[in-house]
Amino acid sequence: MLQIQNISKNYNDAPLLRDISFDVADGEIVCLLGPSGTGKTTLLRIVAGLENADAGRVVFDGNNLKNVPPHARGFGLMFQDLALFPHKNVFENVAFGLRMQNASAHEIATRVHKTLELVGLDAAVFAKRDVNHLSGGEQQRVALARTLAPRPRFIMFDEPLGALDRLLRQELANELRALLKRLGLTALYVTHDQDEAFALADRLILLHRGKIQQSGTPLELYTQPTSAFVARFMGLNNLVEIRELETSELETGDWKLRARTEVGVFEIAKERAGKENEFVLPRPRAIERVVEHSARAENVLRGKIVGTQWRGGHQQIVVETRAGKFFFEWDGAVELNRERFFELDAREIQFIAQGEKT
Amino acid sequence: MRARFSLQSLILFLPLGFLALFYFYPFAAILGFAFFGNGALDLSGFQAIFSDPYYLSVLWFTTWQAALSTLLTVIAALPAAYIFARYQFRGQTLARALTTLPFLMPTIVVAPAFIALFGPRGILNVALMNLFDLTSPPIQLLDTIWIILLAHIFYNYTIVFRIVSTAWANLDPQLGNAARMLGANRPRVFLEITLPLLLPAILAASLLVFIFDFTSFGVILILGGARLVTLEVEIYRTAANLFDLPLAAALSLVQIFFTLIFIFAYTRLQARVTAPARLRPQHITKRALKTLGEKIFVVANLATMLCFLLAPLGVLILQSLQTAQGFGLQNYFALHENTRGSATFIAPTDAIRNSLVFAGVTVALAVALGLLAAYGITRAQKGGGLFDALFLLPLATSAVTLGFGYIIAFSRAPLDFRAAVWLVPIAHTLVALPLVIRSVVPMLRQIRPNLREAAATLGANPTRVFREIDLPIVERAVIVGAVFAFIISLGEFGATTLIARPEFTTIPLAIYRFLGQPGLANYGQAMALSALLMLVSAAAIALMERARVGEGAEF
Amino acid sequence: MKHFLTFFTIIVFTALAACQGTSLQPTTAPGPTATIHIIPAELVVVTHDSFAMSDKALAEFQNANHVKVEILKAGDAGAALNKAILAGADNPLGDLFFGVDNTFLSRAEKADLFEAYKPKGADAIPDAFKLDPQFRLTPIDYGDVCLNYDKAWFKEKNIAPPTTLDDLIKPEYKSLLVVENPASSSPGLAFLLASISRFGADNYLDFWKALRANDVALSEGWNDAYYNKSTWSGNGDRPLVVSYATSPAAEVFFSEGKLTAPPTGNVLGDGACFRQIEFAGIFKNAKNPEMARRFMDFMLTETFQEDIPTQMFVFPIMPNTPLPDFYKFAETPKQPAQLAAEVIDANREKWIKEWTQAVLR
């Protein structure tokens, strides 16, 4: 098990990582997700031993790795630009780590062959090929094979699919997850792309401004974002600032929260709110009805539909209100540019904290 | 940070120590002797320099002839650099090896060859006189600036050619294609893409050539006809013949001062133009000749280049075959005959062996120290440029001044090295070191650090990383440096004559001895030995180039 | 990679082997241990590049004295002496120095490097050569710097070769002469001194200005003048070259029997040649002064003196030394130019500077 304990790191006198702690359990795939420049790569390099933290510890299976140099950690790292050795062919690249372990020639040959097949490359065709002559996807697979071949006890990925097109990226991400699970590997994966993260991760850690913003399963992060920042990063953009907040007890004994905003009043059950309530987040499926006149005093938006889009089996509508655009899934009839009331389901509305400003 | 600093100083310790002991110490010794010889500070040398306009004119001549020579050398060598970088054709290795030959020929044998070509009774003049029925030779190049320019191009062509073509070969042709897609025509592509990317290499080569031309000695001495004088020649005359050491030392300092300005200007310039170019493997950048136009272009260029570089050498071989009975190999056979039963006679085979051993030791020393220094320079956070410049200093220092410094510094206990044979390769290493460093540093700078990190995460310890990643990638640059070190050692004359022991005579010394006596046989044997020097060097260079070609994946 | 390592290894091993080989060279030969005086078994002779002696002579001396003679060549004549002076009298480069000529005699004496020792047989040296009465420096050989002319060229052009320096400024000898720079060449300096001896220190520059007007060619050193600019070398267009009086004889000697007479002759008129006398001396504070004295004696014996003409192409200092056959072509001037060593030393640099000013700029 890998334990990151209170890691801090300054870069050019500005804090890059601030007191980061999390664990990666055996066999778990953890994704470090966050916009670029948030220190994800640096954290990875600290775990790999390529950089030193200013404070904190990296512990693996109970051993502090402070004085263990990168080559003695037995970790694997797949680089963002792959860092294939340009002066070695495919076989030599993949064999490199095994040679460092002083494996026998026979063992190296067998293992390189197996690993190449594992990542979906025909060893007979590719072994002697020049790495500079491969396509982007092939280079990715060779780099992966090179990382896997020495059987690292822990494996890290630094945006390895970044250079590929979306379709290939999705495909490889799925394939990679299957492979890692099949091999039972423990992995830490860095990316800025949430689709990639969703495809791969058992658990997501959202990093921003050197701090962990939220961590949890992909589902948890998507359904229960704790802050506006996390919500936006998950692609939930229907955010409106709360001006005034009041708590009231209903006759049933339940507590309700009422929030006054620029576009009206929202009222939800107290358990749907967070610790700090600074924003209202109507979720994409919040629309119950679209009507010309509404008698509701709360949980209703006034605006007009300015656009539609077909997305993932649903129709997405863009609603323009006084507070900007909102996006909803709505499979009902649509009339463009007409003033309408959008009645929202209280169970699809969340109150959340602001979190880091983006 | 601290740990890295100490590692870095450790890496630089050996080469800097070498420089301190074999350059700064003797140089300081001669300066001390010159300026404090009589106990009190004596600056009469500087007074003499600044009160006499003659020295100003010498400095001016030294500078402009060097600048002009450098410019012409770059212009002359660029086409060939392009051809060797972009095309693959048969005989490439051989042609590349041949271009190196001029660089290593001692002036004492090149001068006669130039005179046999361009002199009043030279091949060129005789042909023109016959052709146009002239009574006097139409080309009068001897003792003029023209023959000096020609000789400088002849000598330094290979520096520009090698450094630039290596850089060019690693340049991604995609960049040019991208620019063409954006609407740039070929000249524009060259001016806006290729040239800026090649600039560091061109500047590095130009700097070396400029320093060689600025401190030019033998060429000026023999072909300049006593009237054209560079600073280095003036220093030599002042020190060796007038024995006016304060003046010679002052002149040496002036020379170093100016060279330092050039080096400094260069490092500033280089810092600005160095863009992290992405290296491409050669077989991607190179291709076979396709169209007839390409073939004609390449053949015409190669022919001109080889003709210019090899004609003087061919003349030399021709003369080595000339004997009293007509053409024959007598001069070569005669090399072994100790006709006079002289005790100081050294068989040419021995001279060749000595030369090869000295050259081998020089290569080993220069490559080992050069790699360490190059590492230190590239790893240094600050002062890398300073170290870079420090290692260039020996190139800028007058050999005779330094030679006298050696006498003062190394003839007393505990540093009594007077009879030490190994001073010869040490002196050669001093000259070769900057060339190794200059060719390795740019390559080292271009190795992406994550290649090393990738190797480390795969379990390679730092030594292993160096052997598996750095060395193979800089190998080509190391070999270029090694070739230069090798040929510098083989052809070195000035320093060797001051420190070599007669039983360890080198080839150039033996040639010089033959030319020191009158008679057809002496001249013929000198030429025969020169031809042998050429052959031995050509073979050695071809071997080194082969060592590289044998490598499967080049980068 | 593999190739490179192999290559590197070969080089290192060659180097190591070579070092081993050289360290095996006996730097201190085992000497006789039973003698009463323990004489260091090595004698270091410091000299210039042109020094040569035969195997036979060297072996004879070494065997007779149970000593290994180490010959340390220190550049050309000027450089060798300068190195000796730089090393200083306290810590000499070796035991003995060979090769101070009369133009540098005073410089050597002023540096006070040598101890007085009059070798056996020195009395027989003609008085004209004994420039140092104290024998700190003993004359060993002499030679004349003369103008060589191309016999065939003058015959073909039907011009009589010049006989004196005065002839050289005549129009018929325009563009025929090449001289060496006295600042960098020993024969060049000798020729300059000859001109000063002939025309006087006040007027010699007029001669040179006239020579310049008569299109004199300049070379930095002897071998450039002789091999690149002379007509007989086939490379140049100058039939008159400042060289040595023995050069024509050497042409015959080095023709491997093809020449029966030299292609060149000497201009031997009064004052046209300058005589160079070469001296040897024992360093003060020599490590092995006793052996150095024996070597000084040896240099005046017939064994060594006889060797001089074929080894160094100059004349032995001892009269009646048998000369080799080809020396019949080595002519000597009846009246070489004369200048006292002190006068030369006092004015050498001044004259060279004046000459440079008048001829080069």
# chains A, B, ... in the order shown; residues from 1 in each chain; ligands from 1
$ select_by_dssp --residues "range 391-491 of chain B" --states "strand (DSSP E)" --output "list in words"
Ser411, Arg412, Leu415 and Asp416 of chain B
$ write_last_selection --atoms "N, CA and C atoms" --output "tab-separated table (two decimals), in the first residue's frame"
chain	number	residue	atom	x	y	z
B	411	SER	N	60.48	22.65	-14.29
B	411	SER	CA	61.85	22.17	-14.27
B	411	SER	C	62.42	22.19	-12.86
B	412	ARG	N	61.55	22.32	-11.88
B	412	ARG	CA	62.01	22.30	-10.50
B	412	ARG	C	61.19	21.30	-9.72
B	415	LEU	N	57.78	19.52	-9.19
B	415	LEU	CA	57.15	19.33	-10.50
B	415	LEU	C	58.21	19.30	-11.58
B	416	ASP	N	59.20	18.42	-11.41
B	416	ASP	CA	60.26	18.36	-12.40
B	416	ASP	C	59.88	17.36	-13.49
$ interface_residues --of "chain C" --to "chain B" --cutoff "6 Å" --atoms "only C-alpha atoms" --output "list in words"
Met1, His3, Ile11, Ala15, Met53, Ser54, Asp55, Ala74, Gly75, Ala79, Ala87, Ala183, Ser184, Leu218, Ser219, Glu220, Asn228, Asn235, Ser247, Glu251, Phe254, Ser255 and Leu360 of chain C
$ interface_residues --of "chain A" --to "chain B" --cutoff "10 Å" --atoms "only C-alpha atoms" --output "number ranges by chain"
A: 45, 48-50, 69-89, 93-101, 130-133, 146-152
$ residues_around --residues "Thr308 in chain A" --least-positions-apart "4" --cutoff "7 Å" --atoms "only C-alpha atoms" --output "list in words"
Gln315, Gln316, Ile317 and Val318 of chain A
$ write_last_selection --atoms "N, CA and C atoms" --output "PDB file, in the first residue's frame"
ATOM      1  N   GLN A 315     -31.575  14.745 -25.336  1.00  0.00           N
ATOM      2  CA  GLN A 315     -31.533  16.082 -25.912  1.00  0.00           C
ATOM      3  C   GLN A 315     -31.083  17.046 -24.830  1.00  0.00           C
ATOM      4  N   GLN A 316     -30.089  17.833 -25.186  1.00  0.00           N
ATOM      5  CA  GLN A 316     -29.648  18.832 -24.220  1.00  0.00           C
ATOM      6  C   GLN A 316     -30.197  20.173 -24.651  1.00  0.00           C
ATOM      7  N   ILE A 317     -30.752  20.886 -23.665  1.00  0.00           N
ATOM      8  CA  ILE A 317     -31.255  22.208 -24.029  1.00  0.00           C
ATOM      9  C   ILE A 317     -30.451  23.271 -23.294  1.00  0.00           C
ATOM     10  N   VAL A 318     -30.321  24.425 -23.963  1.00  0.00           N
ATOM     11  CA  VAL A 318     -29.608  25.548 -23.365  1.00  0.00           C
ATOM     12  C   VAL A 318     -30.649  26.600 -23.005  1.00  0.00           C
TER      13      VAL A 318
END
$ residues_around --residues "Met312 in chain C" --least-positions-apart "5" --cutoff "8 Å" --atoms "only C-alpha atoms" --output "count of residues only"
4
$ select_by_dssp --residues "range 152-357 of chain A" --states "helix (DSSP H, G or I)" --output "short mmCIF file (atom, residue, chain, number, x, y, z; two decimals) with C-alpha atoms, in the first residue's frame"
data_model
loop_
_atom_site.label_atom_id
_atom_site.label_comp_id
_atom_site.auth_asym_id
_atom_site.auth_seq_id
_atom_site.Cartn_x
_atom_site.Cartn_y
_atom_site.Cartn_z
CA ARG A 166 -10.31 11.38 -28.34
CA LEU A 167 -11.59 8.13 -29.79
CA LEU A 168 -8.27 6.32 -29.46
CA ARG A 169 -7.81 7.78 -26.00
CA GLN A 170 -11.12 6.42 -24.80
CA GLU A 171 -10.42 3.04 -26.31
CA LEU A 172 -6.93 2.80 -24.83
CA ALA A 173 -8.13 3.99 -21.42
CA ASN A 174 -10.70 1.22 -21.27
CA GLU A 175 -8.15 -1.29 -22.45
CA LEU A 176 -5.62 -0.06 -19.92
CA ARG A 177 -8.06 -0.41 -17.03
CA ALA A 178 -8.88 -3.95 -18.08
CA LEU A 179 -5.20 -4.77 -18.31
CA LEU A 180 -4.30 -3.25 -14.94
CA LYS A 181 -7.16 -5.10 -13.28
CA ARG A 182 -6.19 -8.35 -14.97
CA LEU A 183 -2.62 -7.97 -13.71
CA GLN A 194 -12.35 13.63 -16.65
CA ASP A 195 -13.61 11.18 -19.30
CA GLU A 196 -10.25 9.43 -19.19
CA ALA A 197 -10.35 9.48 -15.40
CA PHE A 198 -13.90 8.11 -15.30
CA ALA A 199 -12.91 5.30 -17.66
CA LEU A 200 -9.91 4.28 -15.58
CA PRO A 218 -16.27 8.72 -10.01
CA LEU A 219 -19.94 8.36 -9.09
CA GLU A 220 -19.49 10.13 -5.77
CA LEU A 221 -17.69 13.03 -7.36
CA TYR A 222 -20.30 13.36 -10.05
CA THR A 223 -23.35 13.00 -7.88
CA ALA A 228 -18.66 24.65 -7.25
CA PHE A 229 -15.11 24.03 -8.44
CA VAL A 230 -15.54 20.27 -8.36
CA ALA A 231 -18.94 20.55 -9.98
CA ARG A 232 -17.61 22.61 -12.84
CA PHE A 233 -14.70 20.20 -13.29
CA LYS A 270 -31.66 19.88 4.56
CA GLU A 271 -29.91 16.54 3.95
CA ARG A 272 -29.34 17.55 0.33
CA ALA A 346 -36.18 19.60 -5.53
CA ARG A 347 -34.42 16.22 -5.33
CA GLU A 348 -32.25 17.24 -8.30
#
$ residues_around --residues "His428 in chain B" --least-positions-apart "2" --cutoff "9 Å" --atoms "only C-alpha atoms" --output "list in words"
Phe358, Ala359, Thr362, Ala366, Leu423, Val424, Pro425, Ile426, Leu430, Val431, Ala432, Leu433, Ala485, Ile488, Ser489, Glu492, Ala495 and Thr496 of chain B
$ write_last_selection --atoms "N, CA and C atoms" --output "short mmCIF file (atom, residue, chain, number, x, y, z; two decimals), in the first residue's frame"
data_model
loop_
_atom_site.label_atom_id
_atom_site.label_comp_id
_atom_site.auth_asym_id
_atom_site.auth_seq_id
_atom_site.Cartn_x
_atom_site.Cartn_y
_atom_site.Cartn_z
N PHE B 358 50.98 8.56 -28.89
CA PHE B 358 50.66 9.88 -28.33
C PHE B 358 49.22 10.26 -28.66
N ALA B 359 48.84 10.00 -29.92
CA ALA B 359 47.49 10.37 -30.35
C ALA B 359 46.45 9.55 -29.58
N THR B 362 46.22 10.89 -26.15
CA THR B 362 45.54 12.18 -26.22
C THR B 362 44.03 11.99 -26.34
N ALA B 366 41.60 13.29 -23.60
CA ALA B 366 40.72 14.39 -24.01
C ALA B 366 39.25 13.98 -23.92
N LEU B 423 54.47 14.51 -21.13
CA LEU B 423 54.12 15.92 -21.32
C LEU B 423 53.58 16.14 -22.74
N VAL B 424 54.06 15.32 -23.68
CA VAL B 424 53.62 15.50 -25.07
C VAL B 424 52.11 15.28 -25.21
N PRO B 425 51.60 14.09 -24.83
CA PRO B 425 50.13 13.95 -24.92
C PRO B 425 49.37 14.92 -24.02
N ILE B 426 49.99 15.33 -22.91
CA ILE B 426 49.33 16.31 -22.04
C ILE B 426 49.14 17.63 -22.79
N LEU B 430 45.61 19.42 -24.01
CA LEU B 430 45.25 20.80 -23.70
C LEU B 430 44.61 21.46 -24.92
N VAL B 431 45.15 21.18 -26.10
CA VAL B 431 44.63 21.77 -27.33
C VAL B 431 43.36 21.05 -27.78
N ALA B 432 43.32 19.73 -27.55
CA ALA B 432 42.19 18.93 -28.06
C ALA B 432 40.95 19.06 -27.17
N LEU B 433 41.17 19.30 -25.89
CA LEU B 433 40.06 19.32 -24.92
C LEU B 433 38.91 20.25 -25.33
N ALA B 485 40.70 15.33 -31.68
CA ALA B 485 41.81 15.13 -30.74
C ALA B 485 42.91 14.30 -31.39
N ILE B 488 44.68 16.34 -34.14
CA ILE B 488 45.48 17.43 -33.57
C ILE B 488 46.78 16.86 -33.03
N SER B 489 46.67 15.74 -32.34
CA SER B 489 47.86 15.13 -31.78
C SER B 489 48.81 14.67 -32.88
N GLU B 492 50.37 17.92 -34.54
CA GLU B 492 50.89 19.00 -33.70
C GLU B 492 52.40 19.12 -33.85
N ALA B 495 54.23 22.81 -30.10
CA ALA B 495 54.47 22.46 -28.71
C ALA B 495 55.37 21.23 -28.61
N THR B 496 55.14 20.28 -29.54
CA THR B 496 55.90 19.04 -29.48
C THR B 496 57.39 19.29 -29.61
#
